[in-house]
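Participant: Take a look at structure.csv, CSV, C-alpha atoms and all ligand atoms:
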chain,number,residue,atom,x,y,z
A,18,MET,CA,4.0,-20.4,7.7
A,19,THR,CA,6.4,-20.2,4.8
A,20,PHE,CA,6.8,-16.7,3.6
A,21,VAL,CA,5.9,-16.0,-0.1
A,22,SER,CA,6.4,-12.5,-1.5
A,23,THR,CA,3.3,-10.5,-2.4
A,24,CYS,CA,4.6,-10.2,-6.0
A,25,ASP,CA,5.0,-13.9,-6.4
A,26,LEU,CA,1.5,-14.4,-5.0
A,27,LEU,CA,0.1,-12.0,-7.6
A,28,ASP,CA,2.0,-13.8,-10.4
A,29,ARG,CA,0.5,-17.0,-9.3
A,30,PHE,CA,-3.0,-16.1,-8.2
A,31,LYS,CA,-3.6,-13.0,-10.4
A,32,ASP,CA,-7.2,-11.7,-9.9
A,33,ASP,CA,-7.9,-14.4,-7.4
A,34,ALA,CA,-5.6,-12.7,-4.9
A,35,ARG,CA,-7.0,-9.7,-2.9
A,36,VAL,CA,-4.6,-6.7,-2.7
A,37,VAL,CA,-5.1,-4.0,-0.1
A,38,LEU,CA,-4.8,-0.5,-1.7
A,39,PRO,CA,-1.5,1.2,-1.0
A,40,GLY,CA,-1.4,3.6,1.9
A,41,LEU,CA,-1.0,1.7,5.1
A,42,ARG,CA,2.4,2.5,6.6
A,43,ASP,CA,4.9,0.1,8.1
A,44,PHE,CA,5.5,0.8,11.9
A,45,GLY,CA,7.1,-2.4,13.3
A,46,ALA,CA,10.6,-3.9,13.1
A,47,VAL,CA,9.3,-6.8,11.0
A,48,THR,CA,8.5,-5.7,7.4
A,49,ARG,CA,7.7,-9.2,6.0
A,50,PHE,CA,5.1,-11.3,7.8
A,51,SER,CA,2.3,-13.6,7.1
A,52,GLY,CA,-0.3,-15.7,9.0
A,53,PRO,CA,-3.9,-16.6,9.4
A,54,VAL,CA,-6.2,-13.7,10.0
A,55,VAL,CA,-8.3,-12.9,13.1
A,56,THR,CA,-10.7,-9.9,12.6
A,57,VAL,CA,-11.8,-7.0,14.7
A,58,LYS,CA,-14.3,-4.3,13.8
A,59,CYS,CA,-14.3,-1.3,16.1
A,60,PHE,CA,-14.5,2.5,16.0
A,61,GLU,CA,-12.3,4.6,18.3
A,62,ASP,CA,-12.4,1.9,21.0
A,63,ASN,CA,-9.5,-0.6,21.2
A,64,SER,CA,-11.1,-2.9,23.9
A,65,ARG,CA,-11.2,-6.0,21.5
A,66,VAL,CA,-7.7,-5.2,20.2
A,67,LYS,CA,-6.2,-5.2,23.7
A,68,GLU,CA,-8.1,-8.3,24.7
A,69,LEU,CA,-7.2,-10.4,21.7
A,70,LEU,CA,-3.5,-9.4,21.6
A,71,ALA,CA,-3.3,-10.6,25.3
A,72,THR,CA,-4.3,-14.2,24.1
A,73,PRO,CA,-2.0,-16.7,22.3
A,74,GLY,CA,-1.4,-15.5,18.8
A,75,GLU,CA,0.0,-18.7,17.4
A,76,GLY,CA,1.6,-16.9,14.5
A,77,ARG,CA,-1.7,-15.2,13.4
A,78,VAL,CA,-2.3,-11.7,12.2
A,79,LEU,CA,-4.9,-9.4,13.8
A,80,VAL,CA,-6.6,-7.3,11.2
A,81,VAL,CA,-8.5,-4.3,12.6
A,82,ASP,CA,-11.2,-2.5,10.6
A,83,GLY,CA,-11.1,0.8,12.6
A,84,GLY,CA,-13.2,2.6,10.0
A,85,GLY,CA,-10.1,4.5,9.0
A,86,SER,CA,-10.4,6.9,12.0
A,87,LEU,CA,-7.5,9.3,12.3
A,88,ARG,CA,-8.7,10.7,15.6
A,89,CYS,CA,-7.2,8.3,18.0
A,90,ALA,CA,-4.8,5.3,18.2
A,91,LEU,CA,-6.0,1.7,18.5
A,92,MET,CA,-2.6,0.3,19.5
A,93,GLY,CA,0.5,1.6,21.3
A,94,ASP,CA,3.7,0.1,22.6
A,95,MET,CA,2.0,-1.6,25.6
A,96,ILE,CA,-0.6,-3.5,23.6
A,97,ALA,CA,2.0,-4.2,20.8
A,98,GLY,CA,4.4,-5.6,23.4
A,99,SER,CA,1.7,-7.9,24.6
A,100,ALA,CA,1.2,-9.1,21.0
A,101,VAL,CA,4.9,-9.9,20.8
A,102,ARG,CA,4.9,-11.8,24.1
A,103,ASN,CA,1.9,-13.8,23.0
A,104,GLY,CA,3.3,-14.9,19.6
A,105,TRP,CA,1.3,-12.8,17.1
A,106,ALA,CA,2.9,-12.4,13.7
A,107,GLY,CA,1.4,-9.0,13.0
A,108,VAL,CA,-1.3,-6.4,13.4
A,109,VAL,CA,-2.8,-4.5,10.5
A,110,ILE,CA,-5.0,-1.6,11.4
A,111,TRP,CA,-7.2,0.6,9.2
A,112,GLY,CA,-6.8,3.3,11.8
A,113,CYS,CA,-4.0,4.8,13.9
A,114,VAL,CA,-1.2,3.7,16.2
A,115,ARG,CA,0.9,5.6,18.7
A,116,ASP,CA,4.3,5.3,20.5
A,117,VAL,CA,5.9,5.1,17.1
A,118,ALA,CA,9.5,5.2,18.3
A,119,GLU,CA,8.9,2.2,20.5
A,120,LEU,CA,6.8,0.3,17.9
A,121,ALA,CA,9.8,0.5,15.6
A,122,THR,CA,11.9,-1.6,18.0
A,123,LEU,CA,9.3,-4.4,18.4
A,124,PRO,CA,9.7,-7.8,16.6
A,125,LEU,CA,6.2,-7.6,15.2
A,126,GLY,CA,4.7,-6.8,11.8
A,127,ILE,CA,2.7,-3.5,12.2
A,128,ARG,CA,0.8,-1.7,9.4
A,129,ALA,CA,-1.5,1.2,10.1
A,130,ALA,CA,-2.9,4.3,8.3
A,131,ALA,CA,-1.1,6.8,10.4
A,132,ALA,CA,0.2,7.8,13.9
A,133,THR,CA,-1.5,10.1,16.4
A,134,PRO,CA,-0.7,10.6,20.1
A,135,ARG,CA,-4.3,10.4,21.3
A,136,PRO,CA,-5.4,7.0,22.8
A,137,SER,CA,-8.8,5.6,22.2
A,138,VAL,CA,-11.4,5.4,24.9
A,139,ARG,CA,-12.3,1.8,26.0
A,140,ARG,CA,-16.0,1.4,26.3
A,141,ASP,CA,-16.0,-2.4,25.8
A,142,GLN,CA,-17.3,-1.9,22.2
A,143,GLY,CA,-16.1,-3.7,19.0
A,144,LEU,CA,-16.7,-7.1,17.5
A,145,THR,CA,-14.5,-10.0,16.6
A,146,GLY,CA,-14.9,-12.8,14.0
A,147,LEU,CA,-16.8,-10.7,11.4
A,148,SER,CA,-16.2,-10.2,7.7
A,149,ILE,CA,-14.5,-6.8,7.6
A,150,ALA,CA,-12.7,-4.6,5.0
A,151,LEU,CA,-9.4,-3.0,4.6
A,152,PRO,CA,-9.1,-0.3,1.8
A,153,GLY,CA,-9.8,-2.1,-1.4
A,154,ALA,CA,-10.1,-5.6,0.0
A,155,ALA,CA,-12.6,-7.7,1.9
A,156,VAL,CA,-11.1,-9.7,4.8
A,157,GLU,CA,-12.6,-12.9,6.3
A,158,PRO,CA,-11.5,-14.6,9.5
A,159,GLY,CA,-9.3,-17.5,8.4
A,160,ASP,CA,-7.9,-15.8,5.3
A,161,VAL,CA,-4.1,-15.7,5.2
A,162,LEU,CA,-2.5,-12.3,5.0
A,163,PHE,CA,1.0,-11.7,3.5
A,164,ALA,CA,2.7,-8.3,3.9
A,165,ASP,CA,6.1,-7.2,2.6
A,166,GLU,CA,7.8,-4.2,1.0
A,167,ASP,CA,5.4,-4.3,-2.0
A,168,GLY,CA,2.1,-4.3,0.0
A,169,ILE,CA,-0.5,-6.5,1.6
A,170,VAL,CA,-2.2,-9.5,0.0
A,171,LEU,CA,-5.0,-11.8,1.2
A,172,LEU,CA,-5.6,-15.3,0.2
A,173,THR,CA,-8.3,-17.7,1.3
A,174,GLY,CA,-7.1,-20.4,3.7
A,175,GLU,CA,-7.6,-22.9,0.9
A,176,GLN,CA,-5.5,-21.0,-1.6
A,177,ALA,CA,-2.8,-20.6,1.1
A,178,ALA,CA,-2.8,-24.3,1.9
A,179,GLY,CA,-1.9,-25.0,-1.7
A,180,LEU,CA,1.3,-22.9,-1.5
A,181,LYS,CA,4.2,-25.2,-0.6
B,201,LIG,O1,-3.5,1.6,25.8
B,201,LIG,C1,-3.9,2.0,24.7
B,201,LIG,O2,-5.1,2.3,24.4
B,201,LIG,C2,-2.9,2.2,23.6
B,201,LIG,C3,-1.6,2.4,24.2
B,201,LIG,O3,-1.2,3.5,24.5
B,201,LIG,C4,-0.6,1.3,24.4
B,201,LIG,O4,-0.9,0.2,23.9
B,201,LIG,O5,0.4,1.5,24.9
Please go through the file and, once you have read it, give me the structure as structure tokens.
Ligand SMILES: O=C([O-])CC(=O)C(=O)O
Facilitator:
Amino acid sequence: MTFVSTCDLLDRFKDDARVVLPGLRDFGAVTRFSGPVVTVKCFEDNSRVKELLATPGEGRVLVVDGGGSLRCALMGDMIAGSAVRNGWAGVVIWGCVRDVAELATLPLGIRAAAATPRPSVRRDQGLTGLSIALPGAAVEPGDVLFADEDGIVLLTGEQAAGLK
């Protein structure tokens, strides 16, 4: 997908573009990324994140509503490496990551609230394909997410299809 800067998107779509509140940090080696959204909602359990990132990403972005938990990490270098091998454009997590030094070397867009060394416990819980939320912005499966140095913006698939 053609990359358009988040500032240009706001100039064009104004209040019709959804902007995630500032605060998610950049952990990957790719700072600018975009793609259609796949959603996960989970809490301190990264079963769905691991599963989905092991399937073909086809340039999509996995958006994880982890409830903002700072108690454990929903992705580390093994799962992020699987995302790279499977062609995901990025992973945006309202929650934590770990293995920060390794994540910084991976050709993947990665945004998360913070880092913590504690892994999550996989109990096979969490749902995919739901309407979820990042701070300040609702996120629907099939939205298109754009991330760059200025922030994270969401458009509907229809709005994004009109960008050329
Ligand atoms: O396995 C996990 O839960 C997270 C992790 O450390 C990795 O992806 O390397």
Participant: Taking all atoms listed in the file into account, list the residues no farther than 10 Å from ligand LIG 201 (chain B), as a PyMOL selection string.
Facilitator: chain A and resi 61-64+66-67+89-100+114-116+119-120+134-139
Participant: Write the residues of the preceding selection, restricted to C-alpha atoms, as a PDB file, in the frame of the given file.
Facilitator:
ATOM      1  CA  GLU A  61     -12.300   4.600  18.300  1.00  0.00           C
ATOM      2  CA  ASP A  62     -12.400   1.900  21.000  1.00  0.00           C
ATOM      3  CA  ASN A  63      -9.500  -0.600  21.200  1.00  0.00           C
ATOM      4  CA  SER A  64     -11.100  -2.900  23.900  1.00  0.00           C
ATOM      5  CA  VAL A  66      -7.700  -5.200  20.200  1.00  0.00           C
ATOM      6  CA  LYS A  67      -6.200  -5.200  23.700  1.00  0.00           C
ATOM      7  CA  CYS A  89      -7.200   8.300  18.000  1.00  0.00           C
ATOM      8  CA  ALA A  90      -4.800   5.300  18.200  1.00  0.00           C
ATOM      9  CA  LEU A  91      -6.000   1.700  18.500  1.00  0.00           C
ATOM     10  CA  MET A  92      -2.600   0.300  19.500  1.00  0.00           C
ATOM     11  CA  GLY A  93       0.500   1.600  21.300  1.00  0.00           C
ATOM     12  CA  ASP A  94       3.700   0.100  22.600  1.00  0.00           C
ATOM     13  CA  MET A  95       2.000  -1.600  25.600  1.00  0.00           C
ATOM     14  CA  ILE A  96      -0.600  -3.500  23.600  1.00  0.00           C
ATOM     15  CA  ALA A  97       2.000  -4.200  20.800  1.00  0.00           C
ATOM     16  CA  GLY A  98       4.400  -5.600  23.400  1.00  0.00           C
ATOM     17  CA  SER A  99       1.700  -7.900  24.600  1.00  0.00           C
ATOM     18  CA  ALA A 100       1.200  -9.100  21.000  1.00  0.00           C
ATOM     19  CA  VAL A 114      -1.200   3.700  16.200  1.00  0.00           C
ATOM     20  CA  ARG A 115       0.900   5.600  18.700  1.00  0.00           C
ATOM     21  CA  ASP A 116       4.300   5.300  20.500  1.00  0.00           C
ATOM     22  CA  GLU A 119       8.900   2.200  20.500  1.00  0.00           C
ATOM     23  CA  LEU A 120       6.800   0.300  17.900  1.00  0.00           C
ATOM     24  CA  PRO A 134      -0.700  10.600  20.100  1.00  0.00           C
ATOM     25  CA  ARG A 135      -4.300  10.400  21.300  1.00  0.00           C
ATOM     26  CA  PRO A 136      -5.400   7.000  22.800  1.00  0.00           C
ATOM     27  CA  SER A 137      -8.800   5.600  22.200  1.00  0.00           C
ATOM     28  CA  VAL A 138     -11.400   5.400  24.900  1.00  0.00           C
ATOM     29  CA  ARG A 139     -12.300   1.800  26.000  1.00  0.00           C
TER      30      ARG A 139
END
Participant: Between A:Ala155, A:Ala106, A:Ala130, A:Val21, which residue has the minimum interatomic distance to Pro39 of chain A, considering all atoms listed in the file?
Facilitator: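 Selected residue with least distance to Pro39 of chain A: A:Ala130.
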Participant: Looking at all atoms listed in the file, which of A:Val81, A:Val161, A:Ala121, A:Ile110 is the one that sits closest to Gly179 of chain A?
Facilitator: A:Val161
Participant: Which residues of segment 61-116 of chain A have any atom within 12 Å of an atom in segment 163-172 of chain A when counting all atoms listed in the file, and what is the closest pair of atoms for each, with the distance in Å to one decimal? Order the rows by chain and rising number and write it as CSV.
Facilitator:
residue,atom,partner,partner_atom,distance
A:Arg77,CA,A:Phe163,CA,10.8
A:Val78,CA,A:Phe163,CA,9.3
A:Val80,CA,A:Leu171,CA,11.1
A:Ala106,CA,A:Phe163,CA,10.4
A:Gly107,CA,A:Ala164,CA,9.2
A:Val108,CA,A:Ala164,CA,10.5
A:Val109,CA,A:Ala164,CA,9.4
A:Ile110,CA,A:Ile169,CA,11.8
Participant: If you keep C-alpha atoms, can you produce a file of those selected residues as a short mmCIF file (atom, residue, chain, number, x, y, z; two decimals), keeping the file's coordinate frame?
Facilitator:
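Output below, filename out14.cif:
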data_model
loop_
_atom_site.label_atom_id
_atom_site.label_comp_id
_atom_site.auth_asym_id
_atom_site.auth_seq_id
_atom_site.Cartn_x
_atom_site.Cartn_y
_atom_site.Cartn_z
CA ARG A 77 -1.70 -15.20 13.40
CA VAL A 78 -2.30 -11.70 12.20
CA VAL A 80 -6.60 -7.30 11.20
CA ALA A 106 2.90 -12.40 13.70
CA GLY A 107 1.40 -9.00 13.00
CA VAL A 108 -1.30 -6.40 13.40
CA VAL A 109 -2.80 -4.50 10.50
CA ILE A 110 -5.00 -1.60 11.40
#
Participant: Could you check the closest approach to Val54 of chain A for each of A:Gly40, A:Gly84, A:Pro152, A:Gly74 and tell me which residue wins, using all atoms listed in the file?
Facilitator: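 Between A:Gly40, A:Gly84, A:Pro152, A:Gly74, the residue approaching Val54 of chain A most closely is A:Gly74.
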Participant: Could you state the separation of atom CA of Leu125 of chain A and atom CA of Leu79 of chain A in Å, given to one decimal place?
Facilitator: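 Pair atom CA of Leu125 of chain A / atom CA of Leu79 of chain A returns 11.3 Å.
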Participant: With all atoms listed in the file as the basis for distance, which of A:Cys113, A:Leu162, A:Val55, A:Ile149 is at the shortest distance from Val36 of chain A?
Facilitator: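 Once distances to Val36 of chain A are computed over all atoms listed in the file, the minimum belongs to A:Leu162.
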Participant: Ranking A:Val117, A:Ala131, A:Gly146, A:Gly52 by minimum distance to Gly104 of chain A and counting all atoms listed in the file, which one comes first?
Facilitator: A:Gly52
Participant: Rounded to one decimal in Å, what is the spacing between atom CA of Gly83 of chain A and atom CA of Phe60 of chain A?
Facilitator: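 Answer for the atom CA of Gly83 of chain A to atom CA of Phe60 of chain A separation: 5.1 Å.
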Participant: Using all atoms listed in the file, which of A:Leu180, A:Leu87, A:Leu69, A:Leu147 sits nearest Leu26 of chain A?
Facilitator: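 Residue with the minimum atom-to-atom distance to Leu26 of chain A: A:Leu180.
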Participant: Atom CA of Phe50 of chain A and atom CA of Arg65 of chain A, how far apart in Å?
Facilitator: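 For atom CA of Arg65 of chain A relative to atom CA of Phe50 of chain A, the distance reads 21.9 Å.
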Participant: What's the 9 Å shell around Ala150 of chain A, counting all atoms listed in the file, without same-chain residues fewer than 3 positions away, as a list in words?
Facilitator: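 After dropping sequence-adjacent residues, the list is Lys58, Val81, Asp82, Gly84, Trp111, Gly153, Ala154, Ala155, Val156 and Glu157 of chain A.
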Participant: Put segment 96-142 of chain A into a file with N, CA and C atoms, as a tab-separated table (two decimals), in the first residue's frame.
Facilitator:
chain	number	residue	atom	x	y	z
A	96	ILE	N	8.08	-14.01	18.56
A	96	ILE	CA	6.79	-13.77	17.88
A	96	ILE	C	6.94	-12.68	16.82
A	97	ALA	N	7.70	-11.64	17.14
A	97	ALA	CA	7.92	-10.56	16.16
A	97	ALA	C	8.69	-11.10	14.95
A	98	GLY	N	9.63	-12.02	15.19
A	98	GLY	CA	10.38	-12.62	14.08
A	98	GLY	C	9.45	-13.41	13.19
A	99	SER	N	8.48	-14.08	13.79
A	99	SER	CA	7.50	-14.84	13.01
A	99	SER	C	6.66	-13.87	12.17
A	100	ALA	N	6.33	-12.70	12.72
A	100	ALA	CA	5.57	-11.69	11.96
A	100	ALA	C	6.37	-11.24	10.74
A	101	VAL	N	7.67	-11.05	10.91
A	101	VAL	CA	8.52	-10.62	9.78
A	101	VAL	C	8.53	-11.71	8.71
A	102	ARG	N	8.76	-12.97	9.12
A	102	ARG	CA	8.82	-14.08	8.15
A	102	ARG	C	7.51	-14.25	7.40
A	103	ASN	N	6.40	-13.89	8.07
A	103	ASN	CA	5.09	-14.09	7.45
A	103	ASN	C	4.54	-12.86	6.74
A	104	GLY	N	5.33	-11.81	6.65
A	104	GLY	CA	4.93	-10.68	5.81
A	104	GLY	C	3.96	-9.70	6.43
A	105	TRP	N	3.95	-9.59	7.76
A	105	TRP	CA	3.13	-8.54	8.40
A	105	TRP	C	3.86	-7.21	8.27
A	106	ALA	N	3.09	-6.13	8.08
A	106	ALA	CA	3.71	-4.79	7.98
A	106	ALA	C	4.01	-4.23	9.37
A	107	GLY	N	3.15	-4.56	10.34
A	107	GLY	CA	3.37	-3.98	11.66
A	107	GLY	C	2.48	-4.61	12.72
A	108	VAL	N	2.83	-4.29	13.97
A	108	VAL	CA	2.05	-4.73	15.13
A	108	VAL	C	1.94	-3.53	16.07
A	109	VAL	N	0.70	-3.19	16.43
A	109	VAL	CA	0.46	-2.08	17.35
A	109	VAL	C	-0.23	-2.64	18.57
A	110	ILE	N	0.39	-2.47	19.74
A	110	ILE	CA	-0.10	-3.13	20.95
A	110	ILE	C	-0.38	-2.10	22.03
A	111	TRP	N	-1.64	-2.08	22.50
A	111	TRP	CA	-1.93	-1.29	23.70
A	111	TRP	C	-1.66	-2.22	24.88
A	112	GLY	N	-0.38	-2.27	25.20
A	112	GLY	CA	0.15	-3.20	26.19
A	112	GLY	C	1.66	-3.19	26.00
A	113	CYS	N	2.34	-4.22	26.50
A	113	CYS	CA	3.81	-4.21	26.51
A	113	CYS	C	4.43	-5.19	25.53
A	114	VAL	N	5.70	-4.93	25.22
A	114	VAL	CA	6.56	-5.86	24.49
A	114	VAL	C	7.78	-6.17	25.36
A	115	ARG	N	8.58	-7.17	24.92
A	115	ARG	CA	9.86	-7.43	25.57
A	115	ARG	C	10.91	-7.79	24.52
A	116	ASP	N	12.15	-8.01	24.94
A	116	ASP	CA	13.27	-8.23	24.01
A	116	ASP	C	13.52	-6.98	23.16
A	117	VAL	N	13.53	-5.84	23.81
A	117	VAL	CA	13.58	-4.56	23.11
A	117	VAL	C	14.80	-4.43	22.19
A	118	ALA	N	15.96	-4.89	22.63
A	118	ALA	CA	17.18	-4.73	21.80
A	118	ALA	C	17.02	-5.49	20.49
A	119	GLU	N	16.43	-6.70	20.57
A	119	GLU	CA	16.23	-7.50	19.36
A	119	GLU	C	15.11	-6.91	18.49
A	120	LEU	N	14.05	-6.45	19.11
A	120	LEU	CA	12.95	-5.86	18.32
A	120	LEU	C	13.46	-4.71	17.46
A	121	ALA	N	14.41	-3.96	18.01
A	121	ALA	CA	14.92	-2.77	17.31
A	121	ALA	C	15.67	-3.13	16.03
A	122	THR	N	16.02	-4.41	15.86
A	122	THR	CA	16.74	-4.83	14.65
A	122	THR	C	15.78	-5.41	13.59
A	123	LEU	N	14.52	-5.60	13.93
A	123	LEU	CA	13.61	-6.32	13.03
A	123	LEU	C	12.94	-5.40	12.02
A	124	PRO	N	12.86	-5.82	10.75
A	124	PRO	CA	12.19	-5.01	9.73
A	124	PRO	C	10.67	-5.11	9.85
A	125	LEU	N	10.14	-4.52	10.90
A	125	LEU	CA	8.71	-4.60	11.23
A	125	LEU	C	8.35	-3.30	11.95
A	126	GLY	N	7.18	-2.77	11.66
A	126	GLY	CA	6.68	-1.65	12.45
A	126	GLY	C	6.18	-2.18	13.78
A	127	ILE	N	6.62	-1.62	14.88
A	127	ILE	CA	6.18	-2.08	16.21
A	127	ILE	C	5.91	-0.85	17.09
A	128	ARG	N	4.67	-0.72	17.56
A	128	ARG	CA	4.32	0.33	18.53
A	128	ARG	C	3.70	-0.35	19.73
A	129	ALA	N	4.09	0.09	20.91
A	129	ALA	CA	3.51	-0.47	22.13
A	129	ALA	C	3.63	0.58	23.23
A	130	ALA	N	2.91	0.33	24.33
A	130	ALA	CA	2.88	1.31	25.41
A	130	ALA	C	4.22	1.36	26.14
A	131	ALA	N	4.85	0.18	26.33
A	131	ALA	CA	6.05	0.12	27.16
A	131	ALA	C	6.69	-1.25	26.99
A	132	ALA	N	7.85	-1.41	27.65
A	132	ALA	CA	8.51	-2.72	27.67
A	132	ALA	C	8.52	-3.24	29.10
A	133	THR	N	8.46	-4.56	29.22
A	133	THR	CA	8.63	-5.22	30.52
A	133	THR	C	9.21	-6.60	30.24
A	134	PRO	N	10.07	-7.14	31.12
A	134	PRO	CA	10.66	-8.45	30.84
A	134	PRO	C	9.72	-9.63	31.08
A	135	ARG	N	8.62	-9.43	31.77
A	135	ARG	CA	7.75	-10.56	32.12
A	135	ARG	C	6.90	-10.99	30.93
A	136	PRO	N	6.94	-12.28	30.53
A	136	PRO	CA	6.07	-12.73	29.44
A	136	PRO	C	4.64	-12.92	29.93
A	137	SER	N	3.71	-12.98	28.99
A	137	SER	CA	2.33	-13.29	29.38
A	137	SER	C	2.21	-14.81	29.58
A	138	VAL	N	1.10	-15.23	30.16
A	138	VAL	CA	0.83	-16.66	30.34
A	138	VAL	C	-0.23	-17.04	29.32
A	139	ARG	N	0.09	-18.05	28.47
A	139	ARG	CA	-0.88	-18.42	27.43
A	139	ARG	C	-1.91	-19.40	27.98
A	140	ARG	N	-3.17	-18.95	28.02
A	140	ARG	CA	-4.28	-19.79	28.49
A	140	ARG	C	-5.30	-19.98	27.38
A	141	ASP	N	-4.87	-19.69	26.15
A	141	ASP	CA	-5.75	-19.82	24.98
A	141	ASP	C	-6.95	-18.89	25.06
A	142	GLN	N	-6.74	-17.72	25.67
A	142	GLN	CA	-7.82	-16.73	25.75
A	142	GLN	C	-7.50	-15.54	24.85
